[in-house]
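As provided, model_33.pdb (PDB, C-alpha atoms and all ligand atoms) reads as follows.
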ATOM      1  CA  MET A   1      15.823   0.241  34.268  1.00  0.00           C
ATOM      2  CA  ASN A   2      18.467  -2.250  33.329  1.00  0.00           C
ATOM      3  CA  GLN A   3      16.861  -4.166  30.526  1.00  0.00           C
ATOM      4  CA  PRO A   4      19.072  -4.948  27.534  1.00  0.00           C
ATOM      5  CA  MET A   5      18.011  -3.617  24.205  1.00  0.00           C
ATOM      6  CA  PRO A   6      16.648  -6.321  21.937  1.00  0.00           C
ATOM      7  CA  ALA A   7      18.891  -7.170  19.035  1.00  0.00           C
ATOM      8  CA  ARG A   8      16.071  -6.870  16.568  1.00  0.00           C
ATOM      9  CA  LYS A   9      12.824  -5.022  16.555  1.00  0.00           C
ATOM     10  CA  THR A  10      10.200  -7.567  15.741  1.00  0.00           C
ATOM     11  CA  HIS A  11       7.092  -5.712  16.761  1.00  0.00           C
ATOM     12  CA  SER A  12       6.414  -4.311  13.322  1.00  0.00           C
ATOM     13  CA  PRO A  13       3.960  -6.342  11.253  1.00  0.00           C
ATOM     14  CA  ILE A  14       5.048  -7.571   7.859  1.00  0.00           C
ATOM     15  CA  ARG A  15       2.871  -6.775   4.887  1.00  0.00           C
ATOM     16  CA  THR A  16       3.110  -7.377   1.177  1.00  0.00           C
ATOM     17  CA  CYS A  17       3.559  -4.371  -1.067  1.00  0.00           C
ATOM     18  CA  VAL A  18       0.990  -4.283  -3.870  1.00  0.00           C
ATOM     19  CA  GLY A  19       3.612  -2.722  -6.133  1.00  0.00           C
ATOM     20  CA  CYS A  20       6.721  -4.844  -5.914  1.00  0.00           C
ATOM     21  CA  LEU A  21       4.914  -7.697  -4.133  1.00  0.00           C
ATOM     22  CA  GLU A  22       7.751  -7.970  -1.651  1.00  0.00           C
ATOM     23  CA  ARG A  23       7.181  -8.358   2.034  1.00  0.00           C
ATOM     24  CA  ASP A  24       8.362  -5.557   4.259  1.00  0.00           C
ATOM     25  CA  HIS A  25       7.652  -3.785   7.497  1.00  0.00           C
ATOM     26  CA  GLN A  26       4.228  -2.206   7.563  1.00  0.00           C
ATOM     27  CA  HIS A  27       5.520   1.099   8.866  1.00  0.00           C
ATOM     28  CA  LYS A  28       7.641   1.591   5.755  1.00  0.00           C
ATOM     29  CA  MET A  29       4.612   1.558   3.507  1.00  0.00           C
ATOM     30  CA  ALA A  30       1.544   3.654   2.880  1.00  0.00           C
ATOM     31  CA  ARG A  31      -1.756   2.039   3.691  1.00  0.00           C
ATOM     32  CA  LEU A  32      -4.538   1.914   1.175  1.00  0.00           C
ATOM     33  CA  GLY A  33      -8.025   1.528   2.546  1.00  0.00           C
ATOM     34  CA  ALA A  34     -11.011   0.410   0.533  1.00  0.00           C
ATOM     35  CA  GLN A  35     -13.810   2.938   0.786  1.00  0.00           C
ATOM     36  CA  GLN A  36     -17.219   2.810  -0.748  1.00  0.00           C
ATOM     37  CA  ASP A  37     -16.230   5.270  -3.439  1.00  0.00           C
ATOM     38  CA  GLY A  38     -12.826   3.861  -4.149  1.00  0.00           C
ATOM     39  CA  VAL A  39      -9.490   3.332  -2.543  1.00  0.00           C
ATOM     40  CA  ARG A  40      -7.959   6.062  -0.466  1.00  0.00           C
ATOM     41  CA  LEU A  41      -4.779   6.577   1.387  1.00  0.00           C
ATOM     42  CA  GLY A  42      -5.242   6.705   5.059  1.00  0.00           C
ATOM     43  CA  SER A  43      -3.877   5.915   8.433  1.00  0.00           C
ATOM     44  CA  ALA A  44      -7.165   5.005  10.025  1.00  0.00           C
ATOM     45  CA  ARG A  45      -8.274   1.450  10.301  1.00  0.00           C
ATOM     46  CA  PRO A  46      -9.606   0.170   7.030  1.00  0.00           C
ATOM     47  CA  PRO A  47     -13.351  -0.269   6.985  1.00  0.00           C
ATOM     48  CA  ARG A  48     -14.320  -3.890   7.215  1.00  0.00           C
ATOM     49  CA  GLY A  49     -10.682  -4.769   7.585  1.00  0.00           C
ATOM     50  CA  ARG A  50      -9.783  -4.214   3.979  1.00  0.00           C
ATOM     51  CA  GLY A  51      -6.487  -2.615   3.305  1.00  0.00           C
ATOM     52  CA  ALA A  52      -3.381  -2.930   1.229  1.00  0.00           C
ATOM     53  CA  TYR A  53       0.116  -1.594   1.589  1.00  0.00           C
ATOM     54  CA  LEU A  54       2.390   0.095  -0.880  1.00  0.00           C
ATOM     55  CA  HIS A  55       5.911   1.446  -0.696  1.00  0.00           C
ATOM     56  CA  PRO A  56       5.810   5.232  -1.325  1.00  0.00           C
ATOM     57  CA  ARG A  57       8.565   5.011  -3.903  1.00  0.00           C
ATOM     58  CA  ALA A  58       8.507   5.465  -7.631  1.00  0.00           C
ATOM     59  CA  ALA A  59       9.324   1.907  -8.606  1.00  0.00           C
ATOM     60  CA  CYS A  60       6.497   0.456  -6.571  1.00  0.00           C
ATOM     61  CA  LEU A  61       3.990   3.102  -7.640  1.00  0.00           C
ATOM     62  CA  GLU A  62       4.814   2.488 -11.269  1.00  0.00           C
ATOM     63  CA  ARG A  63       4.292  -1.214 -10.933  1.00  0.00           C
ATOM     64  CA  PHE A  64       1.106  -0.651  -8.973  1.00  0.00           C
ATOM     65  CA  VAL A  65      -0.342   1.683 -11.602  1.00  0.00           C
ATOM     66  CA  ALA A  66       0.926  -0.110 -14.676  1.00  0.00           C
ATOM     67  CA  GLY A  67       0.296  -3.632 -13.476  1.00  0.00           C
ATOM     68  CA  LYS A  68      -1.710  -5.917 -15.674  1.00  0.00           C
ATOM     69  CA  GLY A  69      -3.924  -7.089 -12.873  1.00  0.00           C
ATOM     70  CA  ASN A  70      -6.610  -4.835 -11.532  1.00  0.00           C
ATOM     71  CA  GLU A  71      -7.902  -7.007  -8.756  1.00  0.00           C
ATOM     72  CA  PHE A  72      -6.232  -6.912  -5.399  1.00  0.00           C
ATOM     73  CA  ARG A  73      -7.013  -9.727  -3.079  1.00  0.00           C
ATOM     74  CA  SER A  74      -6.127  -7.760   0.000  1.00  0.00           C
ATOM     75  CA  LEU A  75      -8.713  -5.119  -0.914  1.00  0.00           C
ATOM     76  CA  ARG A  76     -11.255  -7.553  -2.309  1.00  0.00           C
ATOM     77  CA  GLN A  77     -12.144  -5.189  -5.076  1.00  0.00           C
ATOM     78  CA  ARG A  78     -11.004  -4.124  -8.472  1.00  0.00           C
ATOM     79  CA  LEU A  79      -9.101  -0.952  -9.105  1.00  0.00           C
ATOM     80  CA  SER A  80      -9.191   0.717 -12.441  1.00  0.00           C
ATOM     81  CA  ARG A  81      -6.036   2.274 -13.758  1.00  0.00           C
ATOM     82  CA  GLY A  82      -7.538   5.685 -13.107  1.00  0.00           C
ATOM     83  CA  GLU A  83      -8.113   4.818  -9.482  1.00  0.00           C
ATOM     84  CA  ARG A  84      -4.585   3.551  -9.158  1.00  0.00           C
ATOM     85  CA  GLN A  85      -3.273   6.748 -10.716  1.00  0.00           C
ATOM     86  CA  THR A  86      -5.252   8.728  -8.153  1.00  0.00           C
ATOM     87  CA  VAL A  87      -3.670   6.774  -5.347  1.00  0.00           C
ATOM     88  CA  ALA A  88      -0.228   7.293  -6.829  1.00  0.00           C
ATOM     89  CA  ALA A  89      -0.913  11.012  -7.165  1.00  0.00           C
ATOM     90  CA  GLU A  90      -1.966  11.211  -3.543  1.00  0.00           C
ATOM     91  CA  LEU A  91       1.365   9.713  -2.622  1.00  0.00           C
ATOM     92  CA  GLY A  92       2.965  12.708  -4.280  1.00  0.00           C
ATOM     93  CA  ARG A  93       4.170  11.100  -7.436  1.00  0.00           C
ATOM     94  CA  PRO A  94       1.623  11.583 -10.176  1.00  0.00           C
ATOM     95  CA  PHE A  95       1.992   9.430 -13.196  1.00  0.00           C
ATOM     96  CA  THR A  96       0.625   9.883 -16.638  1.00  0.00           C
ATOM     97  CA  LEU A  97       0.438   6.532 -18.283  1.00  0.00           C
ATOM     98  CA  THR A  98      -1.199   6.110 -21.614  1.00  0.00           C
TER      99      THR A  98
HETATM  100 ZN    ZN B   1       7.136  -2.163  -2.860  1.00  0.00          ZN
END
Can the structure in the file be given as structure tokens, please?
Ligand SMILES: [Zn+2]
Amino acid sequence: MNQPMPARKTHSPIRTCVGCLERDHQHKMARLGAQQDGVRLGSARPPRGRGAYLHPRAACLERFVAGKGNEFRSLRQRLSRGERQTVAAELGRPFTLT
């Protein structure tokens, strides 16, 4: 066992956050999976390969919930504001936006 440690860890996939729209390591973000009855948080593989990623931090959640767009290409479905609020609440930071 004499292998040098790699200078950088490059095994982590890069995904785009649906809040801030910045690219980051997948493991830093929560995964959103498109289900038949809406979008849920989850660690399992997304059904039919549909999933999105979101930083579990207030700034990203706010932008995700309050964003003008309601269609997310990575999920291939629309999300109402209510659905986005539910996702944000499940991440532990409920928002009440009127
Ligand atoms: Zn983000």
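Note that CA of Leu21 in chain A and CA of Arg73 in chain A are 12.1 Å apart.
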- prompt: So which residues fall inside 8 Å of (6.1, 4.6, -1.1) if we count only C-alpha atoms? Mind giving them as a PyMOL selection string?
  reply: chain A and resi 28-30+54-58+60-61+91
Pick from A:Ala52, A:Cys20, A:Leu75, A:Ala34, whichever lies nearest to ligand ZN 1 (chain B) using all atoms listed in the file: A:Cys20
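For the pair CA of Gly51 in chain A and CA of His11 in chain A, the interatomic distance is 19.4 Å.
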field: Result set, the PyMOL selection byres (((chain A and resi 15) around 10) and not hetatm) on current file, as an NGL selection string
entry: :A and (12-14 or 16-18 or 21-29 or 52-54)
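Within 12 Å of Arg78 in chain A, once only C-alpha atoms are used and residues closer than 6 positions along the same chain are dropped, the contacting residues are A:Ala34, A:Gln35, A:Asp37, A:Gly38, A:Val39, A:Lys68, A:Gly69, A:Asn70, A:Glu71, A:Phe72, A:Arg84.
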- prompt: Smallest atom-to-atom distance to ligand ZN 1 (chain B): which of A:Gln36, A:Arg76, A:Phe64, A:Glu90, using all atoms listed in the file?
  reply: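 Smallest separation from ligand ZN 1 (chain B) among the options: A:Phe64.
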message: I want to know what sits within 8 Å of Val65 in chain A, based on only C-alpha atoms, with residues of the same chain fewer than 5 positions away left out; could you give that as a list in words?
response: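 In the requested format, the answer is Arg81, Arg84, Gln85 and Ala88 of chain A.
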